[in-house]
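Asks: File name my_file13.pdb; file contents PDB, C-alpha atoms; full text below.
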ATOM      1  CA  MET A   1     -15.771 -14.732  26.308
ATOM      2  CA  ILE A   2     -13.275 -16.950  28.123
ATOM      3  CA  ASP A   3     -10.056 -14.908  28.331
ATOM      4  CA  ARG A   4      -7.937 -17.302  30.378
ATOM      5  CA  LEU A   5      -8.029 -20.499  32.378
ATOM      6  CA  SER A   6      -6.321 -21.004  35.723
ATOM      7  CA  GLY A   7      -6.427 -24.444  37.292
ATOM      8  CA  ILE A   8      -4.788 -27.854  37.527
ATOM      9  CA  LEU A   9      -3.316 -29.480  34.448
ATOM     10  CA  THR A  10      -4.903 -32.925  34.524
ATOM     11  CA  ASP A  11      -3.879 -34.251  31.108
ATOM     12  CA  CYS A  12      -1.574 -33.121  28.351
ATOM     13  CA  GLU A  13      -0.793 -34.194  24.805
ATOM     14  CA  LEU A  14       1.168 -32.493  22.027
ATOM     15  CA  THR A  15      -1.889 -30.650  20.726
ATOM     16  CA  GLU A  16      -4.280 -30.605  23.682
ATOM     17  CA  ALA A  17      -4.305 -29.858  27.377
ATOM     18  CA  VAL A  18      -7.083 -30.495  29.886
ATOM     19  CA  ILE A  19      -7.347 -28.022  32.736
ATOM     20  CA  ASP A  20      -9.504 -28.606  35.801
ATOM     21  CA  VAL A  21     -11.017 -25.328  36.938
ATOM     22  CA  ASN A  22     -13.011 -25.843  40.129
ATOM     23  CA  GLY A  23     -14.120 -29.318  39.055
ATOM     24  CA  VAL A  24     -14.817 -28.492  35.408
ATOM     25  CA  GLY A  25     -12.378 -29.927  32.867
ATOM     26  CA  TYR A  26     -11.651 -27.679  29.874
ATOM     27  CA  ALA A  27     -10.097 -29.278  26.789
ATOM     28  CA  VAL A  28      -7.831 -26.684  25.175
ATOM     29  CA  THR A  29      -6.124 -27.022  21.806
ATOM     30  CA  ILE A  30      -2.527 -25.766  21.992
ATOM     31  CA  PRO A  31       0.477 -25.197  19.711
ATOM     32  CA  MET A  32       3.829 -26.886  20.364
ATOM     33  CA  SER A  33       5.235 -23.579  21.622
ATOM     34  CA  THR A  34       2.756 -23.723  24.500
ATOM     35  CA  TYR A  35       3.178 -27.463  25.079
ATOM     36  CA  ASP A  36       6.897 -26.914  25.693
ATOM     37  CA  ARG A  37       6.093 -24.487  28.536
ATOM     38  CA  LEU A  38       3.538 -26.594  30.368
ATOM     39  CA  PRO A  39       4.286 -28.027  33.819
ATOM     40  CA  ARG A  40       3.823 -31.692  34.700
ATOM     41  CA  ALA A  41       0.286 -33.009  35.087
ATOM     42  CA  GLY A  42      -1.058 -32.283  38.558
ATOM     43  CA  ASN A  43       0.465 -28.817  38.747
ATOM     44  CA  ARG A  44      -1.275 -25.463  38.509
ATOM     45  CA  VAL A  45      -1.213 -23.760  35.133
ATOM     46  CA  VAL A  46      -2.512 -20.550  33.562
ATOM     47  CA  LEU A  47      -3.307 -20.351  29.854
ATOM     48  CA  LEU A  48      -4.550 -17.377  27.888
ATOM     49  CA  THR A  49      -7.383 -18.485  25.646
ATOM     50  CA  HIS A  50      -9.155 -17.770  22.404
ATOM     51  CA  LEU A  51     -12.685 -19.060  21.859
ATOM     52  CA  HIS A  52     -13.263 -19.895  18.195
ATOM     53  CA  VAL A  53     -16.937 -20.008  17.293
ATOM     54  CA  ARG A  54     -18.369 -21.848  14.304
ATOM     55  CA  GLU A  55     -21.918 -22.878  13.516
ATOM     56  CA  ASP A  56     -21.260 -26.459  14.576
ATOM     57  CA  LEU A  57     -18.420 -26.062  17.070
ATOM     58  CA  LEU A  58     -17.027 -24.066  19.981
ATOM     59  CA  GLN A  59     -13.276 -24.624  20.130
ATOM     60  CA  LEU A  60     -11.038 -23.287  22.891
ATOM     61  CA  TYR A  61      -7.378 -22.544  22.080
ATOM     62  CA  GLY A  62      -4.753 -21.961  24.765
ATOM     63  CA  PHE A  63      -1.464 -20.061  24.783
ATOM     64  CA  ALA A  64       1.374 -19.650  27.243
ATOM     65  CA  THR A  65       2.018 -15.988  26.387
ATOM     66  CA  SER A  66       0.062 -12.975  25.199
ATOM     67  CA  GLU A  67       2.389 -12.720  22.173
ATOM     68  CA  GLU A  68       1.444 -16.244  21.064
ATOM     69  CA  ARG A  69      -2.242 -15.486  21.344
ATOM     70  CA  ARG A  70      -1.895 -12.140  19.578
ATOM     71  CA  LEU A  71      -0.010 -13.752  16.691
ATOM     72  CA  PHE A  72      -2.589 -16.549  16.446
ATOM     73  CA  ARG A  73      -5.431 -14.030  16.298
ATOM     74  CA  THR A  74      -3.562 -12.001  13.700
ATOM     75  CA  LEU A  75      -2.821 -15.025  11.522
ATOM     76  CA  ILE A  76      -6.435 -16.164  11.352
ATOM     77  CA  THR A  77      -7.490 -12.772   9.999
ATOM     78  CA  VAL A  78      -5.647 -13.617   6.772
ATOM     79  CA  SER A  79      -7.883 -15.063   4.064
ATOM     80  CA  GLY A  80      -7.200 -18.776   3.677
ATOM     81  CA  ILE A  81      -5.362 -19.102   6.998
ATOM     82  CA  GLY A  82      -7.494 -21.088   9.416
ATOM     83  CA  THR A  83      -6.883 -22.116  12.988
ATOM     84  CA  ARG A  84      -5.094 -25.343  11.989
ATOM     85  CA  ILE A  85      -2.488 -23.562   9.883
ATOM     86  CA  ALA A  86      -2.097 -20.819  12.504
ATOM     87  CA  LEU A  87      -1.318 -23.509  15.088
ATOM     88  CA  ASN A  88       1.156 -25.122  12.697
ATOM     89  CA  VAL A  89       2.932 -21.796  12.277
ATOM     90  CA  LEU A  90       3.250 -21.363  16.047
ATOM     91  CA  SER A  91       4.376 -24.970  16.408
ATOM     92  CA  CYS A  92       7.144 -24.569  13.818
ATOM     93  CA  MET A  93       8.570 -21.166  14.746
ATOM     94  CA  SER A  94       8.782 -18.856  17.716
ATOM     95  CA  VAL A  95       6.700 -15.692  17.695
ATOM     96  CA  ALA A  96       9.827 -13.619  17.061
ATOM     97  CA  ALA A  97      10.911 -15.875  14.186
ATOM     98  CA  VAL A  98       7.487 -15.686  12.531
ATOM     99  CA  CYS A  99       7.447 -11.899  12.766
ATOM    100  CA  ARG A 100      10.980 -11.551  11.383
ATOM    101  CA  THR A 101      10.205 -13.973   8.557
ATOM    102  CA  VAL A 102       7.092 -12.057   7.574
ATOM    103  CA  ALA A 103       8.869  -8.691   7.832
ATOM    104  CA  ALA A 104      11.664 -10.039   5.621
ATOM    105  CA  GLU A 105       9.067 -11.367   3.147
ATOM    106  CA  ASP A 106      10.737 -14.791   3.257
ATOM    107  CA  ILE A 107       8.142 -16.832   1.377
ATOM    108  CA  LYS A 108      10.402 -19.886   1.137
ATOM    109  CA  ALA A 109      10.715 -20.157   4.923
ATOM    110  CA  LEU A 110       6.976 -19.796   5.434
ATOM    111  CA  THR A 111       6.132 -22.551   2.938
ATOM    112  CA  LYS A 112       8.019 -25.010   5.150
ATOM    113  CA  VAL A 113       5.049 -24.847   7.509
ATOM    114  CA  ASN A 114       2.741 -27.813   6.935
ATOM    115  CA  GLY A 115      -0.369 -26.704   5.043
ATOM    116  CA  LEU A 116       0.988 -23.302   4.049
ATOM    117  CA  GLY A 117       1.422 -23.121   0.279
ATOM    118  CA  LYS A 118       3.179 -20.452  -1.744
ATOM    119  CA  LYS A 119       0.039 -18.445  -2.527
ATOM    120  CA  SER A 120      -1.111 -18.490   1.084
ATOM    121  CA  ALA A 121       2.372 -17.501   2.270
ATOM    122  CA  GLU A 122       2.445 -14.591  -0.191
ATOM    123  CA  ARG A 123      -0.982 -13.448   1.005
ATOM    124  CA  LEU A 124       0.126 -13.747   4.622
ATOM    125  CA  VAL A 125       3.184 -11.583   3.974
ATOM    126  CA  MET A 126       1.207  -9.010   2.009
ATOM    127  CA  GLU A 127      -1.426  -8.613   4.730
ATOM    128  CA  LEU A 128       0.800  -8.842   7.812
ATOM    129  CA  ARG A 129       4.180  -7.336   6.939
ATOM    130  CA  ASP A 130       3.120  -3.937   8.308
ATOM    131  CA  ARG A 131       1.476  -5.410  11.404
ATOM    132  CA  VAL A 132       4.088  -7.772  12.856
ATOM    133  CA  ALA A 133       5.989  -4.940  14.564
ATOM    134  CA  ASP A 134       2.986  -4.547  16.875
ATOM    135  CA  ILE A 135       3.564  -8.122  18.040
ATOM    136  CA  ASP A 136       7.370  -8.146  18.086
ATOM    137  CA  PRO A 137       9.100  -4.749  17.656
ATOM    138  CA  SER A 138      12.421  -6.423  16.825
ATOM    139  CA  ALA A 139      10.910  -7.797  13.598
ATOM    140  CA  THR A 140      11.473  -4.587  11.666
ATOM    141  CA  LEU A 141      14.614  -3.467  13.479
ATOM    142  CA  GLY A 142      16.845  -6.197  12.114
ATOM    143  CA  VAL A 143      17.709  -7.632  15.524
ATOM    144  CA  ASN A 144      17.056 -10.865  17.336
ATOM    145  CA  GLU A 145      17.685 -12.423  20.722
ATOM    146  CA  SER A 146      21.389 -13.003  19.923
ATOM    147  CA  THR A 147      22.096  -9.418  18.799
ATOM    148  CA  PRO A 148      24.337  -7.672  21.367
ATOM    149  CA  HIS A 149      22.425  -4.965  23.271
ATOM    150  CA  ALA A 150      19.234  -5.714  21.306
ATOM    151  CA  GLU A 151      17.171  -4.935  24.408
ATOM    152  CA  GLU A 152      18.640  -1.431  24.588
ATOM    153  CA  LEU A 153      17.702  -0.796  20.957
ATOM    154  CA  LEU A 154      14.125  -1.916  21.513
ATOM    155  CA  ASP A 155      13.817   0.040  24.766
ATOM    156  CA  ALA A 156      15.125   3.216  23.132
ATOM    157  CA  THR A 157      12.693   2.902  20.228
ATOM    158  CA  ALA A 158       9.769   2.295  22.585
ATOM    159  CA  ALA A 159      10.782   5.297  24.703
ATOM    160  CA  LEU A 160      10.718   7.616  21.700
ATOM    161  CA  GLU A 161       7.267   6.371  20.740
ATOM    162  CA  THR A 162       6.106   6.976  24.318
ATOM    163  CA  LEU A 163       7.408  10.529  24.044
ATOM    164  CA  GLY A 164       5.126  11.074  21.067
ATOM    165  CA  PHE A 165       7.358  10.458  18.060
ATOM    166  CA  LYS A 166       5.882   8.462  15.204
ATOM    167  CA  ALA A 167       6.930   4.804  15.147
ATOM    168  CA  ASP A 168       8.568   4.950  11.705
ATOM    169  CA  LYS A 169      10.625   8.020  12.577
ATOM    170  CA  ALA A 170      11.644   6.608  15.950
ATOM    171  CA  LYS A 171      12.791   3.329  14.381
ATOM    172  CA  ALA A 172      14.714   5.029  11.576
ATOM    173  CA  THR A 173      16.496   7.371  13.993
ATOM    174  CA  ILE A 174      17.467   4.639  16.432
ATOM    175  CA  GLN A 175      18.609   2.338  13.612
ATOM    176  CA  ALA A 176      20.823   5.079  12.185
ATOM    177  CA  LEU A 177      22.404   5.756  15.583
ATOM    178  CA  TRP A 178      22.801   2.018  16.194
ATOM    179  CA  ALA A 179      24.867   1.768  13.000
ATOM    180  CA  GLU A 180      26.948   4.857  13.799
ATOM    181  CA  LEU A 181      27.811   4.240  17.437
ATOM    182  CA  PRO A 182      30.431   1.804  18.723
ATOM    183  CA  GLU A 183      29.041  -1.094  20.747
ATOM    184  CA  SER A 184      30.234   0.446  24.015
ATOM    185  CA  GLU A 185      27.960   3.474  23.461
ATOM    186  CA  ARG A 186      24.762   1.600  22.589
ATOM    187  CA  SER A 187      23.041   1.887  25.953
ATOM    188  CA  ALA A 188      19.340   2.739  25.862
ATOM    189  CA  GLU A 189      19.983   6.016  27.698
ATOM    190  CA  ASN A 190      22.652   7.116  25.232
ATOM    191  CA  LEU A 191      20.549   6.118  22.226
ATOM    192  CA  ILE A 192      17.575   8.070  23.567
ATOM    193  CA  ARG A 193      19.694  11.142  24.384
ATOM    194  CA  LYS A 194      21.316  11.264  20.953
ATOM    195  CA  ALA A 195      18.025  10.505  19.184
ATOM    196  CA  LEU A 196      16.324  13.413  20.952
ATOM    197  CA  GLN A 197      19.170  15.709  19.915
ATOM    198  CA  LYS A 198      18.653  14.658  16.289
ATOM    199  CA  LEU A 199      14.887  14.790  16.324
ATOM    200  CA  ASN A 200      14.711  18.156  18.073
ATOM    201  CA  SER A 201      17.430  19.881  16.080
TER     202      SER A 201
END
Can you dump the structure from the file as structure tokens?

Replies:
Amino acid sequence: MIDRLSGILTDCELTEAVIDVNGVGYAVTIPMSTYDRLPRAGNRVVLLTHLHVREDLLQLYGFATSEERRLFRTLITVSGIGTRIALNVLSCMSVAAVCRTVAAEDIKALTKVNGLGKKSAERLVMELRDRVADIDPSATLGVNESTPHAEELLDATAALETLGFKADKAKATIQALWAELPESERSAENLIRKALQKLNS
């Protein structure tokens, strides 16, 4: 299994990059989200990879982040969602946006992806709505990158899970506190402290 490639980017197009690793050129199929992060040709690059095996083909896919690769691998587990559509999804939306869209069961937004029809979008939501939080925890917490103190909310939830509380209970407790507290009191430390008081009372 090829887990990643580290070498010189020798050629790059919208859907493919060629990486020279010690004199061997690897052609890697990429989504637009990865293309946007690539350096100029001639520079060193590291891509996480997924080797897709078929009877007549070995195809290498490359990703700039572990979240991209994890989402790609999750998408292709859905019946009817192949590698082409999974790449289209990643090319149209960020990982966070995909996860929030699935968690919100927004079929209309998903069908805007080329090749993803209504039935496939419904199947995707049905199979993945409970799994996207593993890829992007903010998906089921109702926050995004622009939400004030969103990082504190996510950190507090993760801390409770680390302390042994079940994910659903941790999320519900932190969400309730988030709604109750004024913005000035939404630090991760304060959220954790108050959550522990609630959960241990």

Asks: Return the single residue from A:Gly164, A:Gly7, A:Pro31, A:Gly82 that is closest to Val46 of chain A, with distances computed using only C-alpha atoms.

Replies: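 Between A:Gly164, A:Gly7, A:Pro31, A:Gly82, the residue approaching Val46 of chain A most closely is A:Gly7.
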
Asks: Return as a Markdown table the residues of segment 78-152 of chain A lying at most 12 Å from segment 60-66 of chain A, together with the closest atom-to-atom pair for each and the distance in Å to one decimal, counting only C-alpha atoms, with rows in chain order and ascending residue number.

Replies:
| residue | atom | partner | partner_atom | distance |
| --- | --- | --- | --- | --- |
| A:Thr83 | CA | A:Tyr61 | CA | 9.1 |
| A:Arg84 | CA | A:Tyr61 | CA | 10.7 |
| A:Ala86 | CA | A:Tyr61 | CA | 11.1 |
| A:Leu87 | CA | A:Tyr61 | CA | 9.3 |
| A:Leu90 | CA | A:Phe63 | CA | 10.0 |
| A:Ser91 | CA | A:Phe63 | CA | 11.3 |
| A:Ser94 | CA | A:Thr65 | CA | 11.4 |
| A:Val95 | CA | A:Thr65 | CA | 9.9 |
| A:Ile135 | CA | A:Ser66 | CA | 9.3 |
| A:Asp136 | CA | A:Ser66 | CA | 11.3 |

Asks: Considering all atoms listed in the file, return as a PDB file with C-alpha atoms, keeping the file's coordinate frame whatever protein or nucleic-acid residues lie within 8 Å of segment 117-119 of chain A, sequence-local ones (same chain, fewer than 6 positions apart) excluded.

Replies:
ATOM      1  CA  ILE A 107       8.142 -16.832   1.377  1.00  0.00           C
ATOM      2  CA  LYS A 108      10.402 -19.886   1.137  1.00  0.00           C
ATOM      3  CA  THR A 111       6.132 -22.551   2.938  1.00  0.00           C
TER       4      THR A 111
END

Asks: Extract, using all atoms listed in the file, all DNA, RNA and protein residues at most 7 Å from Asp3 of chain A, discarding same-chain residues fewer than 2 positions from it, and format them as JSON, numbers by chain.

Replies: {"A": [1, 48, 49, 50]}

Asks: Can you pull out every residue within 10 Å of segment 41-44 of chain A, counting only C-alpha atoms, but drop anything in the same chain fewer than 3 positions away, and send it as a list in words?

Replies: Ser6, Gly7, Ile8, Leu9, Thr10, Asp11, Cys12, Ala17, Val18, Ile19, Asp20, Val21 and Leu38 of chain A

Asks: Quick one: distance from atom CA of Ala176 of chain A to atom CA of Thr157 of chain A in Å, one decimal?

Replies: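 Answer for the atom CA of Ala176 of chain A to atom CA of Thr157 of chain A separation: 11.6 Å.
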
Asks: Which of these residues is nearest to Glu67 of chain A, using all atoms listed in the file: A:Thr34, A:Gln197, A:Ser79, A:Thr173?

Replies: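 Between A:Thr34, A:Gln197, A:Ser79, A:Thr173, the residue approaching Glu67 of chain A most closely is A:Thr34.
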
Asks: Output, as JSON, the centre and edge lengths in Å (one decimal) of the axis-aligned box that contains all listed atoms of segment 79-95 of chain A with 3 Å of margin on each side.

Replies:
{"center_x": 0.4, "center_y": -20.2, "center_z": 10.7, "size_x": 22.7, "size_y": 16.3, "size_z": 20.0}

Asks: Go through A:Leu160, A:Leu75, A:Val24, A:Met126 and flag the residue nearest Arg193 of chain A, using only C-alpha atoms for the distances.

Replies: A:Leu160

Asks: Between atom CA of Ile76 of chain A and atom CA of Lys169 of chain A, what is the distance in Å, rounded to a tenth?

Replies: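 Atom CA of Lys169 of chain A lies at a distance of 29.6 Å from atom CA of Ile76 of chain A.
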